[in-house]
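Colleague: For reference, this is data35.txt, and it has compact mmCIF, C-alpha atoms.
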```txt
# COMPACT_ATOMS: atom_id res chain seq x y z
CA MET A 22 -39.48 -31.54 -160.39
CA ASP A 23 -39.95 -32.75 -156.91
CA ALA A 24 -37.02 -34.60 -155.29
CA LEU A 25 -37.39 -38.30 -154.96
CA PRO A 26 -37.69 -39.58 -151.39
CA ASP A 27 -34.50 -41.03 -149.82
CA PRO A 28 -34.99 -44.81 -149.80
CA THR A 29 -32.38 -45.27 -146.98
CA PRO A 30 -34.19 -46.08 -143.71
CA LYS A 31 -33.66 -43.69 -140.81
CA VAL A 32 -31.85 -45.22 -137.84
CA ARG A 33 -32.39 -43.70 -134.38
CA LEU A 34 -29.28 -43.89 -132.22
CA THR A 35 -30.93 -45.03 -128.99
CA GLN A 36 -30.21 -47.95 -126.72
CA PRO A 37 -32.63 -50.81 -126.72
CA PRO A 38 -34.71 -50.88 -123.57
CA SER A 39 -33.00 -54.06 -122.48
CA ALA A 40 -29.51 -52.47 -122.74
CA ALA A 41 -30.55 -49.36 -120.80
CA GLY A 42 -32.10 -51.50 -118.10
CA SER A 43 -28.98 -53.61 -117.95
CA ASN A 44 -26.78 -50.52 -117.44
CA ARG A 45 -29.03 -49.25 -114.65
CA THR A 46 -28.83 -52.63 -112.99
CA VAL A 47 -25.05 -52.38 -112.98
CA ASP A 48 -25.31 -48.88 -111.53
CA TYR A 49 -27.63 -50.08 -108.79
CA LEU A 50 -25.37 -53.00 -107.89
CA ALA A 51 -22.25 -50.81 -107.84
CA ALA A 52 -24.02 -48.18 -105.73
CA ALA A 53 -25.18 -50.84 -103.28
CA ALA A 54 -21.69 -52.33 -103.05
CA LEU A 55 -20.11 -48.93 -102.35
CA ALA A 56 -22.76 -48.09 -99.75
CA GLY A 57 -22.18 -51.46 -98.09
CA LEU A 58 -18.43 -50.83 -98.02
CA ALA A 59 -19.03 -47.39 -96.50
CA LEU A 60 -21.17 -48.98 -93.80
CA ALA A 61 -18.53 -51.64 -93.11
CA ILE A 62 -15.81 -49.04 -92.44
CA SER A 63 -18.05 -46.57 -90.62
CA PRO A 64 -17.20 -45.59 -87.02
CA PHE A 65 -20.29 -47.45 -85.80
CA ALA A 66 -19.23 -50.69 -87.51
CA ILE A 67 -15.65 -50.37 -86.25
CA ARG A 68 -16.88 -49.92 -82.68
CA MET A 69 -19.13 -52.96 -83.03
CA LEU A 70 -16.38 -55.13 -84.52
CA THR A 71 -13.65 -54.09 -82.07
CA GLY A 72 -15.82 -53.76 -78.97
CA ARG A 73 -14.47 -50.27 -78.29
CA SER A 74 -16.83 -47.70 -76.84
CA GLU A 75 -14.68 -44.87 -78.22
CA LEU A 76 -12.40 -44.48 -81.22
CA THR A 77 -9.35 -42.29 -81.66
CA LEU A 78 -9.75 -39.10 -83.65
CA ARG A 79 -7.43 -40.59 -86.26
CA SER A 80 -9.72 -43.59 -86.77
CA VAL A 81 -12.82 -41.42 -86.95
CA LEU A 82 -11.29 -38.98 -89.45
CA LEU A 83 -10.12 -41.74 -91.78
CA SER A 84 -13.41 -43.60 -91.51
CA VAL A 85 -15.58 -40.55 -92.15
CA THR A 86 -13.39 -39.36 -95.06
CA PHE A 87 -13.68 -42.67 -96.90
CA ASP A 88 -17.37 -43.01 -96.01
CA VAL A 89 -18.32 -39.62 -97.44
CA PHE A 90 -16.35 -40.28 -100.63
CA LEU A 91 -17.92 -43.71 -101.18
CA LEU A 92 -21.44 -42.45 -100.48
CA LEU A 93 -21.01 -39.55 -102.90
CA ILE A 94 -19.98 -41.94 -105.67
CA SER A 95 -22.85 -44.26 -104.76
CA ALA A 96 -25.34 -41.38 -104.99
CA ALA A 97 -23.88 -40.30 -108.33
CA LEU A 98 -24.42 -43.80 -109.73
CA LEU A 99 -28.06 -43.69 -108.69
CA ALA A 100 -28.63 -40.21 -110.14
CA ARG A 101 -29.41 -39.60 -113.84
CA ASN A 102 -28.58 -37.02 -116.47
CA ARG A 103 -27.83 -33.54 -115.09
CA THR A 104 -28.40 -34.58 -111.51
CA ARG A 105 -25.42 -36.93 -111.79
CA LEU A 106 -23.24 -34.02 -112.86
CA LEU A 107 -24.05 -32.20 -109.64
CA PHE A 108 -22.13 -34.86 -107.70
CA PHE A 109 -18.97 -34.24 -109.72
CA TYR A 110 -17.99 -31.16 -107.73
CA PRO A 111 -18.14 -32.60 -104.17
CA ILE A 112 -16.45 -35.78 -105.40
CA ALA A 113 -13.63 -33.75 -106.96
CA TRP A 114 -13.39 -31.66 -103.76
CA MET A 115 -13.03 -34.85 -101.69
CA VAL A 116 -10.24 -36.38 -103.80
CA PRO A 117 -7.33 -34.58 -102.03
CA PHE A 118 -8.68 -35.65 -98.64
CA VAL A 119 -9.09 -39.24 -99.82
CA VAL A 120 -5.53 -39.27 -101.15
CA LEU A 121 -4.26 -37.84 -97.85
CA GLY A 122 -6.31 -40.41 -95.95
CA ALA A 123 -4.94 -43.21 -98.10
CA LEU A 124 -1.38 -42.00 -97.48
CA GLU A 125 -2.07 -41.83 -93.73
CA THR A 126 -3.51 -45.35 -93.76
CA ILE A 127 -0.52 -46.76 -95.63
CA ALA A 128 1.92 -44.82 -93.45
CA GLY A 129 0.26 -46.21 -90.32
CA ALA A 130 0.23 -49.75 -91.68
CA VAL A 131 3.99 -49.74 -92.31
CA HIS A 132 4.81 -47.45 -89.32
CA ILE A 133 6.77 -45.14 -91.56
CA SER A 134 7.74 -42.85 -88.66
CA ASP A 135 9.76 -45.71 -87.14
CA HIS A 136 11.68 -45.99 -90.41
CA VAL A 137 12.54 -42.31 -90.14
CA ALA A 138 13.60 -42.60 -86.49
CA LEU A 139 13.00 -45.77 -84.48
CA PHE A 140 10.77 -44.95 -81.51
CA GLN A 141 9.72 -48.45 -80.53
CA ASP A 142 10.58 -51.99 -81.58
CA LEU A 143 7.67 -54.30 -80.82
CA SER A 144 9.33 -57.22 -82.57
CA ILE A 145 11.06 -58.24 -79.32
CA ILE A 146 7.68 -58.85 -77.62
CA LYS A 147 6.66 -62.50 -77.86
CA ARG A 148 2.98 -62.36 -76.98
CA GLY A 149 1.84 -58.84 -76.18
CA ASN A 150 -1.60 -57.24 -76.31
CA HIS A 151 -3.55 -55.34 -78.95
CA TRP A 152 -5.95 -53.20 -76.98
CA GLY A 153 -4.54 -49.95 -78.36
CA PRO A 154 -3.54 -46.75 -76.57
CA GLY A 155 -4.34 -46.88 -72.87
CA ASN A 156 -5.70 -43.34 -72.90
CA ASP A 157 -8.58 -44.56 -75.05
CA HIS A 158 -9.68 -46.77 -72.16
CA LEU A 159 -9.24 -44.38 -69.23
CA ALA A 160 -12.22 -43.20 -67.23
CA PRO A 161 -12.33 -39.51 -66.20
CA VAL A 162 -9.93 -38.50 -63.43
CA LYS A 163 -11.56 -38.46 -60.01
CA ASP A 164 -10.08 -37.76 -56.57
CA GLY A 165 -6.64 -37.19 -58.08
CA PHE A 166 -6.25 -40.45 -59.98
CA ALA A 167 -7.64 -42.30 -62.97
CA VAL A 168 -8.68 -45.90 -63.57
CA TYR A 169 -9.76 -47.73 -66.71
CA ARG A 170 -13.19 -48.64 -67.92
CA PRO A 171 -13.91 -52.36 -67.46
CA TRP A 172 -12.58 -54.39 -70.37
CA SER A 173 -11.78 -57.94 -71.39
CA GLY A 174 -10.07 -58.82 -74.63
CA GLU A 175 -7.01 -58.19 -76.80
CA GLY A 176 -4.73 -59.57 -74.06
CA VAL A 177 -5.94 -57.17 -71.36
CA THR A 178 -8.48 -57.70 -68.59
CA ILE A 179 -9.69 -54.73 -66.55
CA ASN A 180 -11.91 -55.54 -63.58
CA GLU A 181 -15.11 -53.76 -62.60
CA LEU A 182 -13.13 -51.30 -60.44
CA GLY A 183 -10.95 -50.21 -63.34
CA LEU A 184 -7.73 -52.05 -62.41
CA ARG A 185 -5.77 -54.66 -64.34
CA THR A 186 -5.87 -57.10 -61.47
CA PRO A 187 -8.26 -59.57 -59.81
CA SER A 188 -11.33 -58.17 -58.11
CA PRO A 189 -11.18 -57.81 -54.31
CA THR A 190 -12.31 -60.78 -52.24
CA PRO A 191 -12.45 -61.47 -48.49
CA LYS A 192 -8.95 -62.14 -47.18
CA SER A 193 -8.10 -65.74 -46.36
CA PRO A 194 -6.62 -66.65 -42.95
CA GLY A 195 -2.91 -65.85 -42.99
CA GLU A 196 -3.06 -64.19 -46.40
CA HIS A 197 -0.60 -61.33 -47.00
CA ARG A 198 -1.48 -58.83 -49.72
CA ILE A 199 0.99 -56.72 -51.69
CA ALA A 200 0.05 -53.87 -54.02
CA VAL A 201 2.51 -52.91 -56.75
CA VAL A 202 1.85 -49.24 -57.49
CA GLY A 203 3.28 -47.62 -60.56
CA SER A 204 2.84 -46.36 -64.07
CA SER A 205 2.90 -48.10 -67.44
CA GLU A 206 5.85 -50.34 -66.54
CA THR A 207 3.78 -51.79 -63.66
CA PHE A 208 0.58 -51.88 -65.69
CA GLY A 209 2.38 -53.82 -68.41
CA THR A 210 2.14 -51.64 -71.50
CA ARG A 211 2.10 -53.74 -74.69
CA LEU A 212 2.30 -56.98 -72.67
CA ALA A 213 -0.33 -59.66 -72.09
CA ASP A 214 -1.89 -60.03 -68.65
CA ALA A 215 0.21 -63.08 -67.74
CA ASP A 216 3.48 -61.27 -68.55
CA THR A 217 3.02 -58.19 -66.38
CA ALA A 218 5.48 -57.71 -63.50
CA PRO A 219 2.85 -58.10 -60.71
CA VAL A 220 1.62 -61.42 -62.14
CA GLN A 221 5.16 -62.70 -62.58
CA LEU A 222 6.03 -61.56 -59.05
CA GLN A 223 3.06 -63.52 -57.74
CA LEU A 224 4.29 -66.65 -59.54
CA ALA A 225 7.86 -66.17 -58.29
CA LEU A 226 6.63 -65.85 -54.70
CA ARG A 227 4.59 -69.04 -55.03
CA ARG A 228 7.59 -70.89 -56.47
CA ASN A 229 9.62 -69.77 -53.47
CA GLY A 230 7.14 -71.15 -50.99
CA HIS A 231 5.07 -68.02 -50.31
CA ALA A 232 1.65 -69.37 -51.20
CA GLU A 233 0.07 -67.04 -48.64
CA VAL A 234 1.12 -63.90 -50.55
CA SER A 235 -1.17 -62.27 -53.13
CA VAL A 236 0.06 -59.52 -55.45
CA TYR A 237 -2.20 -56.88 -57.01
CA ASN A 238 -1.47 -54.64 -59.98
CA PHE A 239 -2.16 -50.99 -59.10
CA GLY A 240 -0.42 -49.68 -62.23
CA ILE A 241 -2.02 -46.99 -64.39
CA GLU A 242 -0.31 -45.78 -67.53
CA ASP A 243 1.20 -42.27 -67.29
CA ALA A 244 0.50 -42.08 -63.54
CA ASP A 245 3.18 -40.26 -61.59
CA LEU A 246 3.90 -40.96 -57.92
CA THR A 247 1.34 -38.42 -56.71
CA LYS A 248 -1.44 -40.09 -58.70
CA GLY A 249 -0.23 -43.52 -57.61
CA LEU A 250 -0.46 -42.49 -53.97
CA ALA A 251 -4.00 -41.15 -54.47
CA LEU A 252 -5.00 -44.46 -56.07
CA LEU A 253 -3.46 -46.43 -53.20
CA GLN A 254 -5.30 -44.34 -50.63
CA HIS A 255 -8.57 -45.12 -52.38
CA PHE A 256 -8.05 -48.88 -52.83
CA LYS A 257 -6.00 -49.77 -49.71
CA THR A 258 -9.03 -50.66 -47.59
CA ILE A 259 -11.03 -52.11 -50.49
CA TYR A 260 -8.24 -54.65 -51.14
CA ASP A 261 -7.11 -54.88 -47.50
CA ILE A 262 -3.49 -54.24 -48.51
CA ASP A 263 -0.65 -55.17 -46.11
CA GLN A 264 2.39 -54.05 -48.10
CA VAL A 265 3.16 -51.75 -51.01
CA VAL A 266 5.92 -51.57 -53.57
CA PHE A 267 6.07 -48.27 -55.46
CA VAL A 268 7.80 -48.76 -58.82
CA THR A 269 8.55 -45.23 -59.91
CA GLY A 270 10.84 -42.91 -61.81
CA GLY A 271 9.92 -42.79 -65.50
CA SER A 272 6.65 -40.85 -65.38
CA ASP A 273 7.95 -38.41 -62.79
CA ALA A 274 11.16 -37.87 -64.75
CA PHE A 275 9.28 -37.12 -67.97
CA ALA A 276 6.83 -34.86 -66.12
CA GLU A 277 9.76 -32.95 -64.63
CA TYR A 278 11.47 -32.79 -68.02
CA PHE A 279 8.42 -31.27 -69.71
CA ALA A 280 7.99 -28.82 -66.83
CA VAL A 281 11.46 -27.52 -67.75
CA GLU A 282 11.40 -27.93 -71.55
CA GLY A 283 7.75 -27.02 -72.07
CA GLN A 284 4.69 -29.20 -72.43
CA PRO A 285 4.53 -31.23 -75.66
CA LEU A 286 1.55 -30.98 -77.96
CA GLU A 287 0.30 -34.46 -77.05
CA VAL A 288 -0.50 -33.60 -73.42
CA THR A 289 -3.81 -32.04 -74.47
CA LYS A 290 -6.64 -34.14 -75.83
CA ALA A 291 -6.75 -32.25 -79.13
CA GLY A 292 -2.97 -32.24 -79.40
CA GLY A 293 -2.82 -35.95 -78.66
CA SER A 294 -5.22 -36.58 -81.52
CA ILE A 295 -3.04 -34.61 -83.91
CA THR A 296 0.19 -36.25 -82.81
CA SER A 297 -1.35 -39.70 -83.26
CA LEU A 298 -1.42 -39.15 -87.03
CA GLU A 299 1.36 -41.18 -88.60
CA LEU A 300 2.22 -38.52 -91.18
CA TYR A 301 2.55 -35.91 -88.44
CA LYS A 302 4.78 -38.21 -86.39
CA THR A 303 6.93 -38.84 -89.45
CA VAL A 304 7.49 -35.15 -90.11
CA GLU A 305 8.17 -34.38 -86.45
CA ARG A 306 10.65 -37.21 -86.02
CA ALA A 307 12.47 -36.21 -89.17
CA ARG A 308 12.64 -32.63 -87.94
CA ALA A 309 13.76 -33.56 -84.44
CA THR A 310 16.10 -36.47 -85.00
CA TRP A 311 17.97 -35.85 -88.22
CA PHE A 312 19.95 -33.09 -86.54
CA ASP A 313 21.55 -32.83 -83.12
CA PRO A 314 19.99 -30.26 -80.75
CA SER A 315 21.70 -26.91 -80.96
CA PRO A 316 24.10 -25.80 -78.18
CA ALA A 317 21.80 -22.84 -77.52
CA ARG A 318 18.85 -25.14 -76.83
CA LEU A 319 20.90 -27.31 -74.49
CA ALA A 320 22.23 -24.29 -72.63
CA GLN A 321 18.72 -22.91 -72.26
CA PHE A 322 17.47 -26.21 -70.84
CA ASP A 323 20.39 -26.41 -68.39
CA ALA A 324 19.71 -22.88 -67.16
CA ARG A 325 16.00 -23.57 -66.66
CA TYR A 326 16.66 -26.84 -64.85
CA LEU A 327 19.25 -25.26 -62.57
CA ALA A 328 16.87 -22.45 -61.66
CA ARG A 329 14.06 -24.93 -60.99
CA SER A 330 16.23 -27.25 -58.85
CA VAL A 331 17.45 -24.32 -56.74
CA GLU A 332 13.89 -23.16 -56.16
CA LYS A 333 12.42 -26.51 -55.06
CA ARG A 334 12.89 -30.28 -54.97
CA ASP A 335 11.77 -32.27 -57.98
CA ARG A 336 8.48 -34.14 -58.06
CA LEU A 337 10.06 -37.58 -57.67
CA THR A 338 11.69 -36.72 -54.35
CA ASN A 339 8.58 -34.90 -53.16
CA GLY A 340 6.41 -37.84 -54.20
CA ILE A 341 8.56 -40.36 -52.31
CA ILE A 342 8.49 -38.22 -49.17
CA ALA A 343 4.70 -37.78 -49.35
CA ALA A 344 4.09 -41.49 -49.95
CA ASP A 345 6.44 -42.49 -47.14
CA ASN A 346 4.70 -40.11 -44.74
CA TYR A 347 1.32 -41.61 -45.62
CA CYS A 348 2.58 -45.16 -45.17
CA ARG A 349 4.00 -44.34 -41.76
CA THR A 350 0.76 -42.67 -40.73
CA VAL A 351 -1.35 -45.73 -41.57
CA ALA A 352 1.32 -48.24 -40.41
CA LEU A 353 1.73 -49.66 -43.91
CA ARG A 354 5.02 -51.16 -45.04
CA CYS A 355 6.07 -49.35 -48.23
CA ASP A 356 9.19 -49.78 -50.36
CA PHE A 357 10.24 -47.64 -53.30
CA VAL A 358 11.94 -48.96 -56.43
CA LEU A 359 13.53 -46.66 -59.01
CA GLN A 360 12.72 -48.28 -62.33
CA PRO A 361 15.40 -48.88 -64.95
CA LEU A 362 15.29 -46.71 -68.06
CA LEU A 363 16.88 -47.09 -71.46
CA ALA A 364 18.73 -43.84 -70.74
CA THR A 365 20.35 -45.47 -67.71
CA ARG A 366 21.43 -48.71 -69.40
CA ARG A 367 25.22 -48.90 -69.54
CA ARG A 368 25.42 -50.68 -72.92
CA PRO A 369 22.36 -50.74 -75.21
CA ILE A 370 21.87 -53.95 -77.19
CA GLY A 371 20.37 -54.48 -80.65
CA SER A 372 17.87 -51.86 -81.74
CA GLU A 373 18.19 -50.24 -78.30
CA VAL A 374 21.11 -48.34 -79.86
CA GLN A 375 18.78 -46.70 -82.40
CA LEU A 376 16.09 -46.18 -79.79
CA ALA A 377 18.53 -44.47 -77.45
CA GLN A 378 19.65 -42.14 -80.24
CA THR A 379 16.06 -41.24 -81.10
CA TYR A 380 15.21 -40.46 -77.48
CA ARG A 381 18.39 -38.42 -76.96
CA ARG A 382 17.46 -36.20 -79.90
CA LEU A 383 13.75 -36.00 -79.20
CA TYR A 384 14.33 -35.29 -75.50
CA PRO A 385 17.80 -33.77 -75.19
CA ARG A 386 19.16 -33.75 -71.63
CA PHE A 387 16.48 -36.16 -70.38
CA ASP A 388 19.15 -38.70 -69.46
CA VAL A 389 21.02 -36.10 -67.41
CA LEU A 390 17.84 -34.93 -65.67
CA ALA A 391 16.66 -38.48 -64.86
CA ALA A 392 20.05 -39.47 -63.44
CA GLN A 393 20.10 -36.36 -61.23
CA MET A 394 16.54 -36.99 -60.02
CA TYR A 395 17.46 -40.55 -59.08
CA ARG A 396 20.55 -39.35 -57.17
CA ASP A 397 18.52 -36.73 -55.30
CA ALA A 398 15.85 -39.30 -54.39
CA LEU A 399 18.45 -41.73 -53.06
CA LYS A 400 19.87 -39.01 -50.81
CA VAL A 401 16.61 -38.20 -49.05
CA GLY A 402 14.56 -41.39 -49.49
CA PRO A 403 13.66 -43.63 -46.54
CA THR A 404 16.69 -45.64 -45.45
CA GLY A 405 16.39 -49.34 -46.23
CA GLN A 406 13.21 -48.80 -48.25
CA LEU A 407 14.49 -47.18 -51.44
CA TYR A 408 16.13 -49.31 -54.12
CA ASP A 409 17.80 -48.36 -57.40
CA LEU A 410 17.29 -50.89 -60.22
CA THR A 411 18.99 -48.87 -62.95
CA THR A 412 21.83 -51.40 -63.28
CA VAL A 413 19.61 -54.49 -63.33
CA PHE A 414 20.30 -55.20 -67.03
CA ASP A 415 23.98 -54.26 -67.11
CA ASN A 416 25.27 -57.83 -66.86
CA ASN A 417 23.00 -59.14 -69.61
CA SER A 418 23.70 -59.16 -73.32
CA GLU A 419 20.09 -59.33 -74.53
CA GLN A 420 17.78 -56.59 -75.72
CA TYR A 421 14.96 -55.85 -73.28
CA TYR A 422 13.73 -52.32 -74.04
CA PHE A 423 11.22 -51.90 -76.85
CA ASP A 424 11.11 -48.13 -76.26
CA GLY A 425 12.63 -45.63 -73.84
CA THR A 426 10.99 -46.92 -70.66
CA HIS A 427 9.29 -50.28 -71.26
CA VAL A 428 10.76 -53.78 -71.39
CA ASN A 429 9.56 -57.04 -72.90
CA GLU A 430 8.61 -60.25 -71.11
CA ALA A 431 12.22 -61.32 -70.55
CA GLY A 432 13.04 -57.92 -69.10
CA ASN A 433 10.13 -58.17 -66.69
CA LEU A 434 11.46 -61.50 -65.41
CA ILE A 435 14.78 -59.87 -64.54
CA VAL A 436 13.00 -57.00 -62.80
CA VAL A 437 10.92 -59.52 -60.84
CA ASP A 438 14.09 -61.36 -59.76
CA ALA A 439 15.32 -58.05 -58.33
CA LEU A 440 11.96 -57.34 -56.65
CA LEU A 441 11.68 -60.76 -55.04
CA PRO A 442 14.18 -60.24 -52.18
CA ILE A 443 12.84 -56.72 -51.61
CA VAL A 444 9.27 -57.87 -51.02
CA THR A 445 10.14 -61.02 -49.09
CA GLN A 446 12.52 -59.37 -46.63
CA ALA A 447 9.94 -56.65 -46.03
CA ALA A 448 6.85 -58.87 -45.98
CA TYR A 449 6.92 -59.54 -42.29
CA ALA A 450 9.26 -56.77 -41.12
CA PRO A 451 7.94 -54.45 -38.39
CA LYS A 452 5.81 -51.68 -39.84
```
In structure tokens, how does this file's structure come out?
Modeller:
Amino acid sequence: MDALPDPTPKVRLTQPPSAAGSNRTVDYLAAAALAGLALAISPFAIRMLTGRSELTLRSVLLSVTFDVFLLLISAALLARNRTRLLFFYPIAWMVPFVVLGALETIAGAVHISDHVALFQDLSIIKRGNHWGPGNDHLAPVKDGFAVYRPWSGEGVTINELGLRTPSPTPKSPGEHRIAVVGSSETFGTRLADADTAPVQLQLALRRNGHAEVSVYNFGIEDADLTKGLALLQHFKTIYDIDQVVFVTGGSDAFAEYFAVEGQPLEVTKAGGSITSLELYKTVERARATWFDPSPARLAQFDARYLARSVEKRDRLTNGIIAADNYCRTVALRCDFVLQPLLATRRRPIGSEVQLAQTYRRLYPRFDVLAAQMYRDALKVGPTGQLYDLTTVFDNNSEQYYFDGTHVNEAGNLIVVDALLPIVTQAAYAPK
């Protein structure tokens, strides 16, 4: 006998067309949102939003890593069936890089390296600037010196000639022009335009009845005395300069230190990009600062420095002699000021104590080398034109240094008070 037919209706397990369409709509919206997010954090968008013509390698790496990951997920959402599975492998391959990028982003946001070993304390700066690392704004070196690309924003204004100072204008009758030449301390690293030493010196001179004196900022970050002299030679006539104050010491001391100890990784462009990574800085600071330098390393440095000092004078002394010779040749009044350093402060205050410890361990013997360079410069420098400001903060009980060489706004005011008699007594002295 034939089997009776099954009266139970067959049900096909398929989604209604409306449900399938609804799911695809969600996929499309999610894919569009992820693609939009990728565009928003792309290098192009960051440059447009920040106004920067160039980004650091760190910023580009993080941006590209997250962009690729988001776009892969977006493409997977748009794909169907087996094609979607093809995106699984590159997405899985990207996960470790995304995790590493996320850790780097978080580490940078909380400045984790400063928790390992305090390298700078920006909390003591009242106003400051946010234009980022100065090297990102430098134009290529030409004729032995560098200037910045024109810029205005984030607390920093760079004129069309590449200097953080007013543009040159025809000199007024009776006007006396002073150029302050130096490195980052003169430029005003981390400080707003109005709080830089040259601007504050200008205001102090006006308050003291010297309305005829104009002060110009010829400071370029990381410039040693040789580069500062080259810059002065280029801009002296353009600005019709009458008097110069060289604020020097820190850059030359560090350059001399690295010539003895060996060049750090960050001196090269590629190395600087690597050392800008917060995770790298964290590991390096932990390695360098959790333990005192070994006696063997200190002895090796002392031997190298002794051999170098016997062979020739250091670059600070040579730079002062060369600059003084130039000034005499062109009949230009020039004074030299040895800048204060955290390593030379008699009694660190506040977080300066931690900063000093970090710098002593990162750069062992730097304090000894800098002090010796300053003594040597004072022995051979031009009489009556070389001034040592290393004790300028000794009678104050306030923290001024936010890292090993730079001071906050209050510190700049004290430096300016020390500069004021130097520039006024020399302003109209015979050249």
Colleague: Taking into account only C-alpha atoms, which residue in the set A:Ala398, A:Leu83, A:Ala364, A:Ile370 is nearest to Asn416 of chain A?
Modeller: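 That would be A:Ile370, the residue with the smallest distance to Asn416 of chain A.
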Colleague: Could you check how far atom CA of Leu98 of chain A sits from atom CA of Leu60 of chain A, in Å to one decimal?
Modeller: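 Atom CA of Leu98 of chain A sits 17.1 Å away from atom CA of Leu60 of chain A.
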Colleague: Which polymer residues, protein or nucleic acid, are no farther than 6 Å from (15.1, -51.9, -82.4), counting only C-alpha atoms, as a count of residues only?
Modeller: 3
Colleague: Interatomic distance between atom CA of Ser193 of chain A and atom CA of Pro219 of chain A?
Modeller: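 Pair atom CA of Ser193 of chain A / atom CA of Pro219 of chain A returns 19.6 Å.
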Colleague: Show me, as a count of residues only, the residues that have an atom within 9 Å of Leu182 of chain A when counting only C-alpha atoms, minus same-chain residues fewer than 5 positions from it.
Modeller: 5
Colleague: Residues within 9 Å of (13.0, -55.7, -76.7), file coordinates, counting only C-alpha atoms: what are they? Give the list as a list in words.
Modeller: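 Here the neighbourhood of the point contains Gln141, Asp142, Leu143, Ser144, Ile145, Ile146, Gly371, Ser372, Glu373, Glu419, Gln420, Tyr421, Tyr422, Phe423, Asp424, His427, Val428, Asn429, Glu430, Ala431 and Gly432 of chain A.
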